[in-house]
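Student: Contents are compact mmCIF, N, CA and C atoms; file name target14.txt:
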```
# COMPACT_ATOMS: atom_id res chain seq x y z
N MET A 5 15.75 8.71 -4.10
CA MET A 5 14.66 9.58 -3.80
C MET A 5 14.43 10.58 -4.93
N GLU A 6 15.46 10.79 -5.73
CA GLU A 6 15.31 11.70 -6.86
C GLU A 6 14.38 11.11 -7.93
N ILE A 7 14.30 9.81 -7.99
CA ILE A 7 13.44 9.15 -8.99
C ILE A 7 11.99 9.55 -8.80
N PHE A 8 11.53 9.56 -7.56
CA PHE A 8 10.14 9.90 -7.26
C PHE A 8 9.95 11.40 -7.02
N HIS A 9 11.02 12.18 -7.10
CA HIS A 9 11.01 13.62 -6.87
C HIS A 9 10.65 13.96 -5.43
N TRP A 10 11.01 13.08 -4.50
CA TRP A 10 10.75 13.36 -3.10
C TRP A 10 11.79 14.30 -2.53
N ASP A 11 12.90 14.50 -3.24
CA ASP A 11 13.95 15.37 -2.74
C ASP A 11 13.53 16.84 -2.71
N ARG A 12 12.48 17.20 -3.41
CA ARG A 12 12.03 18.59 -3.41
C ARG A 12 11.33 18.98 -2.11
N PHE A 13 11.02 18.01 -1.26
CA PHE A 13 10.37 18.29 0.02
C PHE A 13 11.37 18.52 1.14
N GLY A 14 12.66 18.46 0.84
CA GLY A 14 13.67 18.60 1.88
C GLY A 14 13.92 17.27 2.57
N PHE A 15 14.85 17.27 3.50
CA PHE A 15 15.21 16.02 4.17
C PHE A 15 14.07 15.47 5.00
N ALA A 16 13.44 16.31 5.79
CA ALA A 16 12.35 15.85 6.66
C ALA A 16 11.15 15.38 5.83
N GLY A 17 10.81 16.10 4.77
CA GLY A 17 9.70 15.70 3.92
C GLY A 17 9.98 14.41 3.19
N MET A 18 11.22 14.26 2.74
CA MET A 18 11.60 13.02 2.05
C MET A 18 11.50 11.83 3.00
N PHE A 19 11.97 12.03 4.24
CA PHE A 19 11.88 10.97 5.24
C PHE A 19 10.42 10.63 5.54
N LEU A 20 9.57 11.65 5.67
CA LEU A 20 8.16 11.42 5.98
C LEU A 20 7.45 10.68 4.85
N TYR A 21 7.71 11.08 3.62
CA TYR A 21 7.08 10.43 2.47
C TYR A 21 7.54 8.97 2.36
N GLN A 22 8.85 8.75 2.55
CA GLN A 22 9.38 7.40 2.48
C GLN A 22 8.83 6.55 3.62
N PHE A 23 8.71 7.12 4.80
CA PHE A 23 8.14 6.41 5.93
C PHE A 23 6.70 5.99 5.64
N GLY A 24 5.92 6.88 5.02
CA GLY A 24 4.54 6.56 4.67
C GLY A 24 4.44 5.43 3.67
N VAL A 25 5.30 5.43 2.67
CA VAL A 25 5.27 4.37 1.66
C VAL A 25 5.70 3.03 2.26
N TYR A 26 6.71 3.05 3.14
CA TYR A 26 7.12 1.81 3.80
C TYR A 26 6.01 1.29 4.71
N MET A 27 5.33 2.18 5.41
CA MET A 27 4.22 1.75 6.25
C MET A 27 3.10 1.15 5.41
N LEU A 28 2.87 1.72 4.25
CA LEU A 28 1.86 1.16 3.34
C LEU A 28 2.24 -0.25 2.91
N LEU A 29 3.49 -0.44 2.54
CA LEU A 29 3.94 -1.76 2.12
C LEU A 29 3.84 -2.77 3.25
N PHE A 30 4.31 -2.39 4.44
CA PHE A 30 4.27 -3.32 5.57
C PHE A 30 2.85 -3.60 6.03
N SER A 31 1.97 -2.64 5.97
CA SER A 31 0.58 -2.89 6.37
C SER A 31 -0.12 -3.79 5.36
N LEU A 32 0.21 -3.65 4.08
CA LEU A 32 -0.35 -4.56 3.07
C LEU A 32 0.14 -5.99 3.31
N LEU A 33 1.42 -6.14 3.60
CA LEU A 33 1.95 -7.47 3.90
C LEU A 33 1.34 -8.04 5.17
N THR A 34 1.11 -7.20 6.17
CA THR A 34 0.46 -7.65 7.40
C THR A 34 -0.95 -8.15 7.11
N LEU A 35 -1.67 -7.42 6.29
CA LEU A 35 -3.02 -7.85 5.92
C LEU A 35 -2.98 -9.19 5.20
N LEU A 36 -2.10 -9.33 4.25
CA LEU A 36 -2.06 -10.55 3.46
C LEU A 36 -1.64 -11.76 4.28
N PHE A 37 -0.61 -11.61 5.10
CA PHE A 37 -0.13 -12.76 5.87
C PHE A 37 -0.98 -13.07 7.09
N SER A 38 -1.69 -12.11 7.63
CA SER A 38 -2.57 -12.41 8.75
C SER A 38 -3.84 -13.12 8.29
N GLY A 39 -4.16 -13.05 7.01
CA GLY A 39 -5.36 -13.69 6.51
C GLY A 39 -5.15 -15.09 5.96
N LEU A 40 -3.98 -15.68 6.19
CA LEU A 40 -3.71 -17.00 5.62
C LEU A 40 -4.55 -18.11 6.23
N ARG A 41 -5.12 -17.90 7.40
CA ARG A 41 -5.96 -18.93 8.03
C ARG A 41 -7.43 -18.84 7.61
N HIS A 42 -7.76 -17.86 6.78
CA HIS A 42 -9.15 -17.62 6.39
C HIS A 42 -9.29 -17.70 4.87
N ALA A 43 -10.47 -18.08 4.43
CA ALA A 43 -10.74 -18.14 2.98
C ALA A 43 -10.71 -16.74 2.36
N VAL A 44 -11.16 -15.75 3.09
CA VAL A 44 -11.13 -14.38 2.57
C VAL A 44 -9.70 -13.91 2.39
N GLY A 45 -8.81 -14.32 3.26
CA GLY A 45 -7.41 -13.99 3.12
C GLY A 45 -6.80 -14.58 1.86
N TRP A 46 -7.16 -15.82 1.58
CA TRP A 46 -6.68 -16.45 0.34
C TRP A 46 -7.27 -15.76 -0.88
N LEU A 47 -8.51 -15.33 -0.76
CA LEU A 47 -9.14 -14.60 -1.86
C LEU A 47 -8.43 -13.26 -2.11
N LEU A 48 -8.00 -12.59 -1.04
CA LEU A 48 -7.22 -11.36 -1.20
C LEU A 48 -5.92 -11.61 -1.95
N TRP A 49 -5.24 -12.73 -1.63
CA TRP A 49 -4.02 -13.09 -2.34
C TRP A 49 -4.31 -13.30 -3.83
N VAL A 50 -5.37 -14.03 -4.14
CA VAL A 50 -5.71 -14.32 -5.54
C VAL A 50 -6.04 -13.04 -6.28
N VAL A 51 -6.80 -12.15 -5.65
CA VAL A 51 -7.16 -10.89 -6.29
C VAL A 51 -5.92 -10.04 -6.54
N LEU A 52 -5.03 -9.97 -5.57
CA LEU A 52 -3.81 -9.18 -5.75
C LEU A 52 -2.91 -9.78 -6.83
N ILE A 53 -2.76 -11.09 -6.82
CA ILE A 53 -1.91 -11.74 -7.82
C ILE A 53 -2.51 -11.58 -9.21
N ALA A 54 -3.82 -11.62 -9.34
CA ALA A 54 -4.45 -11.45 -10.65
C ALA A 54 -4.49 -9.98 -11.07
N ALA A 55 -4.60 -9.07 -10.11
CA ALA A 55 -4.73 -7.65 -10.46
C ALA A 55 -3.44 -7.07 -11.02
N ILE A 56 -2.30 -7.54 -10.58
CA ILE A 56 -1.04 -6.98 -11.05
C ILE A 56 -0.84 -7.23 -12.54
N PRO A 57 -0.89 -8.48 -13.03
CA PRO A 57 -0.69 -8.66 -14.47
C PRO A 57 -1.85 -8.16 -15.31
N LEU A 58 -3.08 -8.29 -14.81
CA LEU A 58 -4.22 -7.81 -15.60
C LEU A 58 -4.26 -6.30 -15.68
N GLY A 59 -3.92 -5.63 -14.59
CA GLY A 59 -3.94 -4.18 -14.58
C GLY A 59 -2.88 -3.57 -15.47
N THR A 60 -1.77 -4.25 -15.64
CA THR A 60 -0.71 -3.72 -16.50
C THR A 60 -0.80 -4.22 -17.93
N ALA A 61 -1.48 -5.32 -18.16
CA ALA A 61 -1.52 -5.89 -19.51
C ALA A 61 -2.71 -5.39 -20.33
N LEU A 62 -3.83 -5.18 -19.71
CA LEU A 62 -5.01 -4.76 -20.46
C LEU A 62 -5.00 -3.25 -20.67
N PRO A 63 -5.14 -2.82 -21.92
CA PRO A 63 -5.08 -1.38 -22.20
C PRO A 63 -6.18 -0.56 -21.53
N VAL A 64 -7.27 -1.18 -21.18
CA VAL A 64 -8.37 -0.46 -20.53
C VAL A 64 -7.97 -0.03 -19.12
N PHE A 65 -7.24 -0.90 -18.42
CA PHE A 65 -6.88 -0.63 -17.03
C PHE A 65 -5.56 0.12 -16.88
N ARG A 66 -4.72 0.10 -17.90
CA ARG A 66 -3.38 0.69 -17.81
C ARG A 66 -3.39 2.16 -17.37
N PRO A 67 -4.25 3.02 -17.94
CA PRO A 67 -4.24 4.42 -17.47
C PRO A 67 -4.65 4.58 -16.00
N HIS A 68 -5.54 3.73 -15.54
CA HIS A 68 -5.99 3.81 -14.15
C HIS A 68 -4.88 3.37 -13.19
N VAL A 69 -4.15 2.31 -13.57
CA VAL A 69 -3.03 1.85 -12.75
C VAL A 69 -1.94 2.92 -12.70
N ALA A 70 -1.64 3.50 -13.87
CA ALA A 70 -0.61 4.55 -13.92
C ALA A 70 -1.02 5.77 -13.11
N GLU A 71 -2.29 6.14 -13.18
CA GLU A 71 -2.77 7.29 -12.41
C GLU A 71 -2.70 7.01 -10.91
N GLY A 72 -3.05 5.80 -10.51
CA GLY A 72 -2.99 5.44 -9.10
C GLY A 72 -1.57 5.48 -8.56
N PHE A 73 -0.64 4.89 -9.29
CA PHE A 73 0.75 4.92 -8.84
C PHE A 73 1.31 6.34 -8.91
N GLY A 74 0.85 7.12 -9.88
CA GLY A 74 1.29 8.51 -9.96
C GLY A 74 0.85 9.31 -8.76
N LYS A 75 -0.40 9.12 -8.33
CA LYS A 75 -0.89 9.84 -7.14
C LYS A 75 -0.19 9.35 -5.88
N LEU A 76 0.14 8.08 -5.86
CA LEU A 76 0.77 7.52 -4.67
C LEU A 76 2.24 7.89 -4.56
N LEU A 77 2.98 7.79 -5.64
CA LEU A 77 4.43 7.95 -5.57
C LEU A 77 4.94 9.29 -6.08
N PHE A 78 4.28 9.90 -7.04
CA PHE A 78 4.78 11.12 -7.66
C PHE A 78 3.90 12.32 -7.32
N ASN A 79 3.40 12.39 -6.11
CA ASN A 79 2.49 13.46 -5.72
C ASN A 79 3.26 14.75 -5.49
N ASP A 80 2.72 15.87 -5.94
CA ASP A 80 3.37 17.17 -5.76
C ASP A 80 3.19 17.73 -4.36
N SER A 81 2.22 17.24 -3.63
CA SER A 81 1.94 17.73 -2.28
C SER A 81 2.38 16.69 -1.26
N LEU A 82 3.22 17.10 -0.35
CA LEU A 82 3.68 16.19 0.70
C LEU A 82 2.52 15.77 1.59
N LEU A 83 1.67 16.72 1.94
CA LEU A 83 0.55 16.41 2.83
C LEU A 83 -0.43 15.44 2.17
N GLN A 84 -0.73 15.66 0.90
CA GLN A 84 -1.66 14.78 0.21
C GLN A 84 -1.05 13.39 -0.01
N GLY A 85 0.22 13.33 -0.39
CA GLY A 85 0.87 12.04 -0.61
C GLY A 85 0.98 11.23 0.66
N PHE A 86 1.40 11.89 1.75
CA PHE A 86 1.49 11.18 3.02
C PHE A 86 0.10 10.83 3.54
N GLY A 87 -0.89 11.68 3.30
CA GLY A 87 -2.25 11.38 3.73
C GLY A 87 -2.82 10.15 3.04
N ILE A 88 -2.56 10.03 1.74
CA ILE A 88 -3.05 8.86 1.00
C ILE A 88 -2.41 7.59 1.54
N THR A 89 -1.09 7.62 1.74
CA THR A 89 -0.41 6.43 2.25
C THR A 89 -0.84 6.11 3.68
N LEU A 90 -1.07 7.14 4.49
CA LEU A 90 -1.50 6.91 5.86
C LEU A 90 -2.90 6.30 5.91
N ILE A 91 -3.82 6.81 5.12
CA ILE A 91 -5.18 6.28 5.11
C ILE A 91 -5.20 4.83 4.62
N LEU A 92 -4.48 4.55 3.53
CA LEU A 92 -4.43 3.18 3.03
C LEU A 92 -3.76 2.24 4.03
N SER A 93 -2.73 2.72 4.71
CA SER A 93 -2.06 1.91 5.72
C SER A 93 -3.02 1.57 6.86
N LEU A 94 -3.78 2.55 7.31
CA LEU A 94 -4.73 2.29 8.39
C LEU A 94 -5.83 1.32 7.96
N VAL A 95 -6.27 1.41 6.71
CA VAL A 95 -7.28 0.48 6.21
C VAL A 95 -6.71 -0.94 6.17
N PHE A 96 -5.48 -1.08 5.68
CA PHE A 96 -4.88 -2.41 5.61
C PHE A 96 -4.61 -2.97 7.01
N LEU A 97 -4.16 -2.13 7.93
CA LEU A 97 -3.94 -2.59 9.30
C LEU A 97 -5.24 -2.99 9.98
N ALA A 98 -6.31 -2.26 9.72
CA ALA A 98 -7.61 -2.63 10.29
C ALA A 98 -8.09 -3.96 9.70
N GLY A 99 -7.85 -4.18 8.42
CA GLY A 99 -8.20 -5.46 7.82
C GLY A 99 -7.40 -6.60 8.41
N GLY A 100 -6.12 -6.40 8.64
CA GLY A 100 -5.30 -7.42 9.29
C GLY A 100 -5.74 -7.68 10.71
N TRP A 101 -6.15 -6.62 11.42
CA TRP A 101 -6.63 -6.79 12.78
C TRP A 101 -7.92 -7.61 12.79
N LEU A 102 -8.79 -7.42 11.79
CA LEU A 102 -10.03 -8.20 11.74
C LEU A 102 -9.75 -9.69 11.59
N PHE A 103 -8.65 -10.03 10.89
CA PHE A 103 -8.28 -11.44 10.76
C PHE A 103 -7.71 -12.01 12.06
N THR A 104 -7.04 -11.19 12.85
CA THR A 104 -6.32 -11.73 14.01
C THR A 104 -6.97 -11.41 15.35
N ARG A 105 -8.07 -10.72 15.41
CA ARG A 105 -8.63 -10.29 16.69
C ARG A 105 -9.15 -11.43 17.54
N ARG A 106 -9.61 -12.51 16.95
CA ARG A 106 -10.14 -13.64 17.72
C ARG A 106 -9.16 -14.81 17.81
N ARG A 107 -7.98 -14.61 17.30
CA ARG A 107 -6.98 -15.68 17.31
C ARG A 107 -6.42 -15.82 18.72
N PRO A 108 -6.30 -17.06 19.22
CA PRO A 108 -5.72 -17.22 20.56
C PRO A 108 -4.21 -16.95 20.49
N TYR A 109 -3.68 -16.53 21.62
CA TYR A 109 -2.24 -16.25 21.69
C TYR A 109 -1.53 -17.54 21.59
```
If you convert what's in this file into C-alpha cells, what do you get?

Tutor:
Amino acid sequence: MEIFHWDRFGFAGMFLYQFGVYMLLFSLLTLLFSGLRHAVGWLLWVVLIAAIPLGTALPVFRPHVAEGFGKLLFNDSLLQGFGITLILSLVFLAGGWLFTRRRPY
C-alpha cells in the first residue's frame, strides 16, 4: 500500500481505497465475461486488448495513459479516488447487466 501512497489515509482509508480498486477490477471482468455471447462483448475484448499495447507504445497516448492511472491509483484525495473507482465500477456493472438482463436462468 506504500507504493500507491494509500497509507497516508490511515487504515480505514487504505481499506476503502483498496476496496474501490478491487471493485473496479471485478466489475470490469464482469463486463468482459458477461459479454462473451454478444458481438459487442467480443468487440470490447478486442478494444481492451488493442488499447493496452497501443496506449503504452505510442508516444502520443503515453501521457494520457499515465495521467489516467495517476488519477486512479495515486490520487491525493481519498474521496475523489474512491469516487472515480466507484463511478467506473457502476458503469461497468451496468454494462454487464445489459448483457445479461435477457439471459434465461

Student: In Å, rounded to a single decimal, give me how far atom N of A:Leu32 is from atom N of A:Gly99.

Tutor: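 Between these atoms lies a distance of 9.2 Å.
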
Student: Would you mind listing what lies within 7 Å of A:Ile88 as an mmCIF file with N, CA and C atoms, in the frame of the given file, with only N, CA and C atoms counted and same-chain residues fewer than 5 positions away left out?

Tutor:
```cif
data_model
loop_
_atom_site.group_PDB
_atom_site.id
_atom_site.type_symbol
_atom_site.label_atom_id
_atom_site.label_comp_id
_atom_site.auth_asym_id
_atom_site.auth_seq_id
_atom_site.Cartn_x
_atom_site.Cartn_y
_atom_site.Cartn_z
ATOM 1 N N LEU A 76 0.140 8.080 -5.860
ATOM 2 C CA LEU A 76 0.770 7.520 -4.670
ATOM 3 C C LEU A 76 2.240 7.890 -4.560
ATOM 4 N N LEU A 83 1.670 16.720 1.940
ATOM 5 C CA LEU A 83 0.550 16.410 2.830
ATOM 6 C C LEU A 83 -0.430 15.440 2.170
ATOM 7 N N SER A 93 -2.730 2.720 4.710
ATOM 8 C CA SER A 93 -2.060 1.910 5.720
ATOM 9 C C SER A 93 -3.020 1.570 6.860
#
```

Student: At most 5 Å from (-3.4, -9.1, 11.3), file frame, all atoms listed in the file: which residues, as a PyMOL selection string?

Tutor: chain A and resi 34+38+100-101+104

Student: When you look at A:Ser31 with a cut-off of 10 Å (counting only C-alpha atoms), what residues show up, excluding the ones that are within fewer than 3 positions of it in the same chain? I need them as a PyMOL selection string.

Tutor: chain A and resi 25-28+34-37+92-100

Student: For a quick check of understanding, using all atoms listed in the file, which of A:Val69, A:Val44, A:Lys75, A:Leu33 has the smallest distance to A:Thr89?

Tutor: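 Distance minimum relative to A:Thr89 lands on A:Lys75.
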